[in-house]
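File shown: query.cif (mmCIF, C-alpha atoms).
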```cif
data_model
loop_
_atom_site.label_atom_id
_atom_site.label_comp_id
_atom_site.auth_asym_id
_atom_site.auth_seq_id
_atom_site.Cartn_x
_atom_site.Cartn_y
_atom_site.Cartn_z
CA LEU A 1 0.00 0.00 0.00
CA PHE A 2 2.84 2.39 0.85
CA ILE A 3 4.51 1.82 -2.53
CA LYS A 4 1.23 2.26 -4.38
CA ASP A 5 0.45 5.51 -2.56
CA ASN A 6 4.01 6.93 -3.01
CA ALA A 7 4.91 5.51 -6.41
CA ALA A 8 5.43 8.91 -7.98
CA VAL A 9 7.77 10.01 -5.16
CA LEU A 10 9.74 6.75 -5.34
CA VAL A 11 10.11 7.03 -9.12
CA ALA A 12 11.29 10.63 -8.76
CA PHE A 13 13.74 9.67 -6.00
CA MET A 14 15.18 6.74 -7.99
CA SER A 15 15.48 8.99 -11.05
CA PHE A 16 17.41 11.47 -8.89
CA VAL A 17 19.76 8.72 -7.61
CA VAL A 18 20.40 7.39 -11.13
CA SER A 19 21.03 10.94 -12.39
CA GLY A 20 23.50 11.54 -9.53
CA ILE A 21 25.39 8.34 -10.33
CA ALA A 22 25.49 9.25 -14.03
CA LEU A 23 26.74 12.75 -13.20
CA TYR A 24 29.49 11.34 -10.93
CA HIS A 25 30.73 8.99 -13.66
CA SER A 26 30.53 11.73 -16.28
CA ILE A 27 32.72 14.05 -14.16
CA LYS A 28 35.16 11.24 -13.42
CA SER A 29 35.40 10.37 -17.13
CA SER A 30 35.93 14.03 -18.03
CA LYS A 31 38.81 14.32 -15.53
CA ARG A 32 40.43 11.15 -16.92
CA ASP A 33 40.09 12.50 -20.45
CA GLN A 34 41.65 15.84 -19.43
CA ARG A 35 44.57 14.06 -17.74
CA HIS A 36 45.10 11.93 -20.86
CA LYS A 37 45.17 15.06 -23.04
CA GLU A 38 47.71 16.68 -20.72
CA LEU A 39 49.98 13.62 -20.80
CA SER A 40 49.75 13.39 -24.57
CA VAL A 41 51.57 16.74 -24.99
CA ARG A 42 54.10 16.41 -22.19
CA PRO A 43 57.64 17.74 -22.77
CA LEU A 44 60.63 15.62 -21.74
CA LEU A 45 63.96 17.43 -21.35
CA SER A 46 67.43 15.92 -21.55
CA GLU A 47 70.92 17.26 -22.06
CA SER A 48 73.80 16.15 -24.17
CA ALA A 49 77.49 16.93 -24.16
CA VAL A 50 79.75 16.15 -27.07
CA ILE A 51 83.49 16.73 -26.82
CA GLU A 52 85.42 15.75 -29.94
CA HIS A 53 89.04 14.59 -30.08
CA ASP A 54 90.08 17.93 -31.58
CA GLY A 55 88.67 19.79 -28.54
CA THR A 56 85.45 21.00 -30.15
CA PHE A 57 82.61 20.78 -27.65
CA VAL A 58 78.89 21.51 -27.49
CA PHE A 59 76.40 21.19 -24.62
CA LYS A 60 72.71 21.13 -25.59
CA LEU A 61 69.31 20.95 -23.92
CA ARG A 62 66.82 18.88 -25.91
CA ASN A 63 63.06 18.32 -25.69
CA ASN A 64 62.39 14.66 -26.45
CA GLY A 65 58.71 14.94 -25.51
CA VAL A 66 55.65 15.41 -27.69
CA GLY A 67 54.75 18.93 -26.56
CA PRO A 68 56.62 22.19 -26.14
CA ALA A 69 58.55 23.06 -22.97
CA ILE A 70 57.97 26.65 -21.88
CA ILE A 71 60.92 27.62 -19.68
CA THR A 72 60.05 29.71 -16.63
CA ASN A 73 63.42 29.57 -14.84
CA PHE A 74 66.87 28.42 -15.90
CA LYS A 75 70.11 28.15 -13.89
CA TYR A 76 73.60 26.90 -14.74
CA TYR A 77 75.72 25.28 -12.02
CA TRP A 78 79.48 24.89 -11.85
CA LEU A 79 80.95 23.19 -8.77
CA ASN A 80 77.71 23.86 -6.84
CA GLU A 81 77.73 27.58 -7.64
CA GLU A 82 74.62 28.97 -9.34
CA PHE A 83 74.67 31.23 -12.43
CA ASP A 84 71.72 32.85 -14.16
CA SER A 85 73.45 33.40 -17.50
CA GLY A 86 75.64 31.40 -19.82
CA LEU A 87 78.25 34.15 -19.88
CA LYS A 88 78.65 34.24 -16.08
CA TYR A 89 78.73 30.45 -16.02
CA TRP A 90 81.41 30.27 -18.71
CA ASP A 91 83.53 32.96 -17.03
CA ALA A 92 83.61 30.83 -13.86
CA VAL A 93 84.37 27.63 -15.79
CA SER A 94 87.19 29.11 -17.85
CA PHE A 95 88.70 30.87 -14.81
CA PHE A 96 88.71 27.60 -12.86
CA ILE A 97 90.15 25.51 -15.69
CA LYS A 98 92.81 28.07 -16.60
CA GLY A 99 93.86 28.13 -12.94
CA GLN A 100 94.00 24.34 -12.70
CA ILE A 101 95.48 23.34 -16.04
CA GLY A 102 96.50 26.47 -17.93
CA THR A 103 94.38 25.51 -20.94
CA HIS A 104 92.32 28.12 -22.75
CA PHE A 105 89.27 28.13 -25.01
CA ASP A 106 88.49 29.52 -28.43
CA ASN A 107 85.26 30.59 -30.18
CA VAL A 108 83.08 30.02 -27.11
CA ILE A 109 79.42 30.93 -27.56
CA THR A 110 76.99 30.74 -24.64
CA SER A 111 73.22 31.08 -24.48
CA THR A 112 71.28 32.98 -21.89
CA ILE A 113 67.92 31.29 -21.60
CA GLN A 114 65.17 33.79 -20.86
CA GLU A 115 61.83 33.26 -19.20
CA LYS A 116 59.16 31.99 -21.62
CA THR A 117 61.76 30.53 -24.00
CA ILE A 118 60.04 27.67 -25.83
CA ILE A 119 61.73 24.45 -26.84
CA LYS A 120 59.37 22.79 -29.30
CA ASP A 121 58.95 19.02 -29.33
CA GLY A 122 62.04 17.51 -30.94
CA GLY A 123 63.84 20.85 -30.64
CA GLU A 124 67.04 21.76 -28.86
CA ILE A 125 68.95 24.76 -27.59
CA THR A 126 72.73 25.00 -27.64
CA LEU A 127 73.79 26.09 -24.16
CA VAL A 128 77.53 26.46 -24.77
CA ARG A 129 79.91 25.52 -27.53
CA GLY A 130 83.51 26.22 -28.41
CA LYS A 131 86.93 24.66 -28.68
CA ILE A 132 89.43 23.59 -26.05
CA ILE A 133 92.97 24.70 -26.89
CA ALA A 134 95.19 22.28 -25.01
CA ASP A 135 98.95 21.78 -25.19
CA SER A 136 98.72 17.99 -24.86
CA LYS A 137 96.30 15.10 -25.21
CA HIS A 138 96.51 14.63 -21.43
CA SER A 139 95.41 18.25 -20.84
CA LEU A 140 92.56 17.85 -23.33
CA THR A 141 91.37 14.69 -21.57
CA LYS A 142 91.55 16.36 -18.16
CA VAL A 143 89.64 19.46 -19.33
CA SER A 144 87.03 17.28 -21.07
CA SER A 145 86.51 15.36 -17.85
CA LEU A 146 86.21 18.56 -15.79
CA LEU A 147 83.66 19.97 -18.22
CA ARG A 148 81.54 16.83 -18.23
CA ASP A 149 81.68 16.34 -14.46
CA GLY A 150 81.03 19.97 -13.58
CA PHE A 151 78.25 20.88 -16.01
CA THR A 152 74.83 20.95 -14.38
CA VAL A 153 71.61 22.82 -15.15
CA LYS A 154 68.25 23.27 -13.44
CA VAL A 155 65.28 24.06 -15.67
CA VAL A 156 61.80 24.93 -14.44
CA PHE A 157 59.32 24.62 -17.29
CA GLU A 158 55.63 24.32 -18.07
CA ASP A 159 53.67 22.31 -20.59
CA LEU A 160 50.75 23.68 -22.62
CA TYR A 161 48.40 23.15 -19.67
CA LYS A 162 50.64 25.20 -17.33
CA ASN A 163 51.70 22.10 -15.35
CA GLU A 164 55.09 22.97 -13.89
CA GLU A 165 57.97 20.53 -13.88
CA VAL A 166 61.63 20.72 -12.87
CA TYR A 167 64.53 19.16 -14.77
CA ASN A 168 67.70 18.79 -12.72
CA SER A 169 70.70 17.39 -14.51
CA PHE A 170 73.36 15.32 -12.92
CA PRO A 171 76.99 15.50 -13.97
CA LEU A 172 77.18 14.05 -17.46
CA GLU A 173 78.96 10.76 -17.94
#
```
For the structure just supplied, provide its representation as structure tokens.
Amino acid sequence: LFIKDNAAVLVAFMSFVVSGIALYHSIKSSKRDQRHKELSVRPLLSESAVIEHDGTFVFKLRNNGVGPAIITNFKYYWLNEEFDSGLKYWDAVSFFIKGQIGTHFDNVITSTIQEKTIIKDGGEITLVRGKIIADSKHSLTKVSSLLRDGFTVKVVFEDLYKNEEVYNSFPLE
């Protein structure tokens, strides 16, 4: 008798419950879809260092991801000291190496990475390049090792959805 008398209320209540469940699953599905879209355009930064036998060297930052990396902060590090520009970084490196080994460098070009610099997917930025002028193969090997072991960068960047990530490099091997 109760069900017969309140059938309309029960139908309305059950419709409300079913609608609530459908709404919950719709929101959950939408959030999953948004997360999938964000991951599908995620940048992935890496660095590379090439030092040739003739002393030519180049250090690069590369985006191996499938979306652009929008740099919001960039720092160079040499022996745990922080530098905000490639020129200041290279001055410290060359001063240290000249003091240790007496070797000098030629045709050095550095990059100062500014805020909102974009590295497109598959793109790269040359951070520093030049040539080591060494008086012996031993000196060249020692300088190459110092450069590889001491070069470190920290990059704070965003993807297209403004998700912030940090890339910290370790000494290159």
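Residue nearest Arg62 of chain A within the list A:Ser85, A:Ser40, A:Thr126, A:Asn80: A:Thr126 [criterion: smallest interatomic distance, all atoms listed in the file].
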>> Report as a PyMOL selection string all protein, DNA and RNA residues lying within 9 Å of Ile71 of chain A, evaluated on all atoms listed in the file, omitting residues in the same chain fewer than 6 positions from it.
In response: chain A and resi 113-119+155-158
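Against the coordinates shown, the PyMOL selection byres ((chain A and resi 139-142) around 10) returns Ile51, Glu52, His53, Asp54, Gly55, Ile97, Gln100, Ile101, Gly102, Thr103, Ile132, Ile133, Ala134, Asp135, Ser136, Lys137, His138, Val143, Ser144, Ser145, Leu146 and Leu147 of chain A.
You can rank A:Gln34, A:Asn163, A:Ser46, A:Ser19 by their closest distance to Asp121 of chain A using all atoms listed in the file, and at the top of that list sits A:Ser46.
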> Any idea what the distance is between atom CA of His25 of chain A and atom CA of Val9 of chain A?
Replying inline: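 So the two atoms, atom CA of His25 of chain A and atom CA of Val9 of chain A, lie 24.5 Å apart.
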The PyMOL selection byres ((chain A and resi 168) around 6) on the file shown: which residues, as a tab-separated table (two decimals) with C-alpha atoms, in the frame of the given file?
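Output contents, as saved in selection19.tsv:
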```
chain	number	residue	atom	x	y	z
A	154	LYS	CA	68.25	23.27	-13.44
A	167	TYR	CA	64.53	19.16	-14.77
A	169	SER	CA	70.70	17.39	-14.51
```
>> Selection in question (the file shown): the PyMOL selection byres ((chain A and resi 57) around 6). Which residues does it include, as number ranges by chain?
In response: A: 50-51, 56, 58, 129-131
> In Å to one decimal, how far is atom CA of Tyr89 of chain A from atom CA of Thr110 of chain A?
Replying inline: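 Straight-line distance from atom CA of Thr110 of chain A to atom CA of Tyr89 of chain A works out to 8.8 Å.
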>> So, with all atoms listed in the file as the atoms that count, which of A:Phe96, A:Val166, A:Val18, A:Lys28 lies closest to Asn73 of chain A?
In response: A:Val166
> Leaving out Asp159 of chain A and any residue of its chain fewer than 5 positions from it, which residues lie within 9 Å of it when counting all atoms listed in the file, given as a list in words?
Replying inline: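 Neighbouring residues, sequence-local ones excluded: Glu38, Val41, Arg42, Pro43, Gly67, Pro68, Ala69, Ile70, Glu164 and Glu165 of chain A.
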>> Would you compute the distance between atom CA of Glu47 of chain A and atom CA of Lys60 of chain A? Give it in Å to one decimal.
In response: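 Atom-to-atom, atom CA of Glu47 of chain A and atom CA of Lys60 of chain A are spaced 5.5 Å apart.
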As an mmCIF file, in the coordinates of the input, the rebuilt segment 108-133 of chain A with N, CA and C atoms:
```cif
data_model
loop_
_atom_site.group_PDB
_atom_site.id
_atom_site.type_symbol
_atom_site.label_atom_id
_atom_site.label_comp_id
_atom_site.auth_asym_id
_atom_site.auth_seq_id
_atom_site.Cartn_x
_atom_site.Cartn_y
_atom_site.Cartn_z
ATOM 1 N N VAL A 108 84.138 30.469 -28.021
ATOM 2 C CA VAL A 108 83.080 30.020 -27.110
ATOM 3 C C VAL A 108 81.848 30.897 -27.279
ATOM 4 N N ILE A 109 80.715 30.246 -27.457
ATOM 5 C CA ILE A 109 79.420 30.930 -27.560
ATOM 6 C C ILE A 109 78.523 30.337 -26.485
ATOM 7 N N THR A 110 77.905 31.205 -25.682
ATOM 8 C CA THR A 110 76.990 30.740 -24.640
ATOM 9 C C THR A 110 75.596 31.284 -24.924
ATOM 10 N N SER A 111 74.604 30.630 -24.354
ATOM 11 C CA SER A 111 73.220 31.080 -24.480
ATOM 12 C C SER A 111 72.715 31.507 -23.123
ATOM 13 N N THR A 112 71.999 32.596 -23.087
ATOM 14 C CA THR A 112 71.280 32.980 -21.890
ATOM 15 C C THR A 112 69.817 32.668 -22.151
ATOM 16 N N ILE A 113 69.301 31.738 -21.412
ATOM 17 C CA ILE A 113 67.920 31.290 -21.600
ATOM 18 C C ILE A 113 67.016 32.243 -20.820
ATOM 19 N N GLN A 114 66.074 32.851 -21.501
ATOM 20 C CA GLN A 114 65.170 33.790 -20.860
ATOM 21 C C GLN A 114 63.859 33.117 -20.498
ATOM 22 N N GLU A 115 63.145 33.763 -19.579
ATOM 23 C CA GLU A 115 61.830 33.260 -19.200
ATOM 24 C C GLU A 115 60.923 33.240 -20.424
ATOM 25 N N LYS A 116 60.112 32.227 -20.516
ATOM 26 C CA LYS A 116 59.160 31.990 -21.620
ATOM 27 C C LYS A 116 59.851 31.555 -22.910
ATOM 28 N N THR A 117 61.115 31.147 -22.840
ATOM 29 C CA THR A 117 61.760 30.530 -24.000
ATOM 30 C C THR A 117 61.052 29.204 -24.248
ATOM 31 N N ILE A 118 60.763 28.902 -25.494
ATOM 32 C CA ILE A 118 60.040 27.670 -25.830
ATOM 33 C C ILE A 118 60.973 26.735 -26.584
ATOM 34 N N ILE A 119 61.025 25.497 -26.108
ATOM 35 C CA ILE A 119 61.730 24.450 -26.840
ATOM 36 C C ILE A 119 60.642 23.531 -27.394
ATOM 37 N N LYS A 120 60.447 23.584 -28.700
ATOM 38 C CA LYS A 120 59.370 22.790 -29.300
ATOM 39 C C LYS A 120 59.712 21.295 -29.203
ATOM 40 N N ASP A 121 58.725 20.455 -29.385
ATOM 41 C CA ASP A 121 58.950 19.020 -29.330
ATOM 42 C C ASP A 121 59.944 18.628 -30.423
ATOM 43 N N GLY A 122 60.971 17.889 -30.020
ATOM 44 C CA GLY A 122 62.040 17.510 -30.940
ATOM 45 C C GLY A 122 63.095 18.583 -31.112
ATOM 46 N N GLY A 123 62.908 19.737 -30.497
ATOM 47 C CA GLY A 123 63.840 20.850 -30.640
ATOM 48 C C GLY A 123 64.940 20.824 -29.587
ATOM 49 N N GLU A 124 65.933 21.677 -29.804
ATOM 50 C CA GLU A 124 67.040 21.760 -28.860
ATOM 51 C C GLU A 124 67.600 23.173 -28.841
ATOM 52 N N ILE A 125 68.280 23.483 -27.752
ATOM 53 C CA ILE A 125 68.950 24.760 -27.590
ATOM 54 C C ILE A 125 70.408 24.469 -27.258
ATOM 55 N N THR A 126 71.313 25.125 -27.952
ATOM 56 C CA THR A 126 72.730 25.000 -27.640
ATOM 57 C C THR A 126 73.018 25.910 -26.447
ATOM 58 N N LEU A 127 73.505 25.325 -25.369
ATOM 59 C CA LEU A 127 73.790 26.090 -24.160
ATOM 60 C C LEU A 127 75.179 26.723 -24.214
ATOM 61 N N VAL A 128 76.161 25.942 -24.639
ATOM 62 C CA VAL A 128 77.530 26.460 -24.770
ATOM 63 C C VAL A 128 78.268 25.603 -25.791
ATOM 64 N N ARG A 129 79.089 26.262 -26.581
ATOM 65 C CA ARG A 129 79.910 25.520 -27.530
ATOM 66 C C ARG A 129 81.209 26.296 -27.743
ATOM 67 N N GLY A 130 82.215 25.590 -28.175
ATOM 68 C CA GLY A 130 83.510 26.220 -28.410
ATOM 69 C C GLY A 130 84.570 25.182 -28.696
ATOM 70 N N LYS A 131 85.812 25.565 -28.430
ATOM 71 C CA LYS A 131 86.930 24.660 -28.680
ATOM 72 C C LYS A 131 87.949 24.794 -27.556
ATOM 73 N N ILE A 132 88.389 23.632 -27.074
ATOM 74 C CA ILE A 132 89.430 23.590 -26.050
ATOM 75 C C ILE A 132 90.774 23.661 -26.763
ATOM 76 N N ILE A 133 91.616 24.597 -26.341
ATOM 77 C CA ILE A 133 92.970 24.700 -26.890
ATOM 78 C C ILE A 133 93.908 24.168 -25.812
#
```
